[in-house]
Structures are given as structure tokens and as C-alpha cells.
Amino acid sequence: MSSEHTQESPAEFLACDHDRLTDLFTRAVENMQNVDLALYEEFRKGLFRHIAIEEKIVFPFLKQHPSSPGQEVFDRLRRDHGAIVALLVPLPSASVVATLESVLGIHNGIEEGTDGVYSLLNSASSEESQQLMEDFHAAPEVPTHPLKPTDQVIEVTKRAVDRAGYVFIDQPDMAS
Ligand SMILES: [Fe+2]
Ligand SMILES: [Fe+2]
């Protein structure tokens, strides 16, 4: 990220990343007859990295913090991540896009909510916050596999969505 973001807190950084990724996603799938796959790939890469930052840096940090929420909070968010990652495997059909939009909206709201994990980061000391920001910026890209034909993988994706307690939104497919 550019230098204008260096003053932000870890919670602000992560919420800002949600907004950036939502914007990329919205623009990529704006025309479902002709999804912008280059933008969609940028969105996927960013979201994989965002999830890795949460699972490898944020959750371990919060777990050893006095204000740590219970394990069930982390378990739930990890199940959500499992569903989100599974939705990033197939080519973006109308159903995949509608379900991803719904799951991401709920998941991001939980993380950013008043009692959410991001707000807990605000109780970090300034040294801890600085270290978190350094770790966020140093987090590597996550290697991605090419998108797979929807019909080959959609059953696995649906099971991951179901396991996380979400409903897979079936839509008539407009894409060829
Ligand atoms: Fe997350
Ligand atoms: Fe997040």
C-alpha cells in the first residue's frame, strides 16, 4: 500500500482492505455477460492475501491478548474463510457471484462490527500496532491456481458454503 496509509491503525487497514476488495469485486462482475477476469483475478489474489493476514497474523495475535474472544469466534471466522476460498475456485457463475457477495457482506460485517475482531485490535499498544502494521505490509502474496470450470468443482464449493452455515444462492446462469 502507498505511504498515505502508513498512519492508519491495524483495524482501519483491514476495513479499508475490505472496501478495496469489495470495489474490485463489484467492478469485475458488473457485467455478468462479460466478467472482467483480469479484475476478478486481482480481487481473488487480494482476498487470499487478506485471509492469510487474518489467519496468520491477526488471529494468533488476538488469541494471546487479554481481550481475546473465545475459540468459537475464531472457529466461525475460519469456517467462513473456508466457504469464501471455496467460492474463489470456480469460474464466477451468476450463482457463485451472488453467494460470494452475500457471504462476504455478512463476514466483513462480523469482523468490522462493534464487538468484532477488528475492534479488539484497538486495544493493542502502540508498539504492538506498529508491529502488526509491519507484519501486514510484509505478508507475501498467496499463490493462486487458475479458475476451474464451474461444473467440475461446484459440489465441493456448495458443501463448504453449507458447512459454514450459509445458503448457496442458485441463479440461472447468463454466462456461456
Ligand atoms: Fe475474514
Ligand atoms: Fe477481513
# chains A, B, ... in the order shown; residues from 1 in each chain; ligands from 1
>>> residues_near_ligand(ligand="ligand 1", cutoff="10 Å", atoms="only C-alpha atoms and all ligand atoms", output="PyMOL selection string")
chain A and resi 14+18+47-48+50-55+58-59+74+76-82+84+104+107-112+117-118
>>> select_by_dssp(residues="stretch 92-171 of chain A", states="helix (DSSP H, G or I)", output="PyMOL selection string")
chain A and resi 94-112+117-123+126-138+150-163
>>> write_last_selection(atoms="C-alpha atoms", output="PDB file, in the first residue's frame")
ATOM      1  CA  ALA A  94     -24.104 -15.962 -11.502  1.00  0.00           C
ATOM      2  CA  SER A  95     -24.718 -18.317  -8.553  1.00  0.00           C
ATOM      3  CA  VAL A  96     -21.098 -18.143  -7.361  1.00  0.00           C
ATOM      4  CA  VAL A  97     -21.095 -14.339  -7.607  1.00  0.00           C
ATOM      5  CA  ALA A  98     -24.425 -13.934  -5.782  1.00  0.00           C
ATOM      6  CA  THR A  99     -23.348 -16.317  -2.997  1.00  0.00           C
ATOM      7  CA  LEU A 100     -19.907 -14.729  -2.645  1.00  0.00           C
ATOM      8  CA  GLU A 101     -21.460 -11.268  -2.409  1.00  0.00           C
ATOM      9  CA  SER A 102     -23.820 -12.467   0.314  1.00  0.00           C
ATOM     10  CA  VAL A 103     -21.185 -14.368   2.351  1.00  0.00           C
ATOM     11  CA  LEU A 104     -18.616 -11.563   2.110  1.00  0.00           C
ATOM     12  CA  GLY A 105     -21.161  -8.940   3.164  1.00  0.00           C
ATOM     13  CA  ILE A 106     -22.045 -10.884   6.319  1.00  0.00           C
ATOM     14  CA  HIS A 107     -18.471 -11.966   7.096  1.00  0.00           C
ATOM     15  CA  ASN A 108     -16.971  -8.485   6.706  1.00  0.00           C
ATOM     16  CA  GLY A 109     -19.769  -7.037   8.852  1.00  0.00           C
ATOM     17  CA  ILE A 110     -18.980  -9.515  11.648  1.00  0.00           C
ATOM     18  CA  GLU A 111     -15.257  -8.687  11.558  1.00  0.00           C
ATOM     19  CA  GLU A 112     -15.856  -4.932  11.481  1.00  0.00           C
ATOM     20  CA  VAL A 117     -12.216  -8.961  15.961  1.00  0.00           C
ATOM     21  CA  TYR A 118     -11.078  -5.751  14.273  1.00  0.00           C
ATOM     22  CA  SER A 119     -12.302  -3.557  17.131  1.00  0.00           C
ATOM     23  CA  LEU A 120     -10.330  -5.760  19.565  1.00  0.00           C
ATOM     24  CA  LEU A 121      -7.175  -4.739  17.701  1.00  0.00           C
ATOM     25  CA  ASN A 122      -7.755  -1.220  19.003  1.00  0.00           C
ATOM     26  CA  SER A 123      -6.736  -2.401  22.477  1.00  0.00           C
ATOM     27  CA  SER A 126       1.192   1.400  20.017  1.00  0.00           C
ATOM     28  CA  GLU A 127       4.250  -0.891  19.781  1.00  0.00           C
ATOM     29  CA  GLU A 128       2.007  -3.875  19.082  1.00  0.00           C
ATOM     30  CA  SER A 129       0.035  -1.887  16.492  1.00  0.00           C
ATOM     31  CA  GLN A 130       3.234  -0.828  14.782  1.00  0.00           C
ATOM     32  CA  GLN A 131       4.444  -4.439  14.695  1.00  0.00           C
ATOM     33  CA  LEU A 132       1.095  -5.596  13.291  1.00  0.00           C
ATOM     34  CA  MET A 133       1.263  -2.990  10.529  1.00  0.00           C
ATOM     35  CA  GLU A 134       4.801  -4.088   9.646  1.00  0.00           C
ATOM     36  CA  ASP A 135       3.678  -7.719   9.541  1.00  0.00           C
ATOM     37  CA  PHE A 136       0.646  -6.815   7.374  1.00  0.00           C
ATOM     38  CA  HIS A 137       2.810  -4.982   4.857  1.00  0.00           C
ATOM     39  CA  ALA A 138       5.375  -7.799   4.804  1.00  0.00           C
ATOM     40  CA  THR A 150     -17.792 -24.352 -12.509  1.00  0.00           C
ATOM     41  CA  ASP A 151     -19.471 -27.745 -13.023  1.00  0.00           C
ATOM     42  CA  GLN A 152     -16.282 -29.637 -12.062  1.00  0.00           C
ATOM     43  CA  VAL A 153     -15.969 -28.100  -8.602  1.00  0.00           C
ATOM     44  CA  ILE A 154     -19.334 -26.610  -7.674  1.00  0.00           C
ATOM     45  CA  GLU A 155     -20.428 -29.509  -5.443  1.00  0.00           C
ATOM     46  CA  VAL A 156     -17.312 -29.095  -3.259  1.00  0.00           C
ATOM     47  CA  THR A 157     -17.941 -25.337  -3.146  1.00  0.00           C
ATOM     48  CA  LYS A 158     -21.585 -25.854  -2.138  1.00  0.00           C
ATOM     49  CA  ARG A 159     -20.542 -28.177   0.700  1.00  0.00           C
ATOM     50  CA  ALA A 160     -18.069 -25.591   2.068  1.00  0.00           C
ATOM     51  CA  VAL A 161     -20.780 -22.903   1.919  1.00  0.00           C
ATOM     52  CA  ASP A 162     -23.198 -25.212   3.714  1.00  0.00           C
ATOM     53  CA  ARG A 163     -20.613 -26.190   6.360  1.00  0.00           C
TER      54      ARG A 163
END
>>> closest_residue(among="A:Asp19, A:Glu8, A:Asn31, A:Arg49", to="A:Pro140", atoms="only C-alpha atoms")
A:Arg49
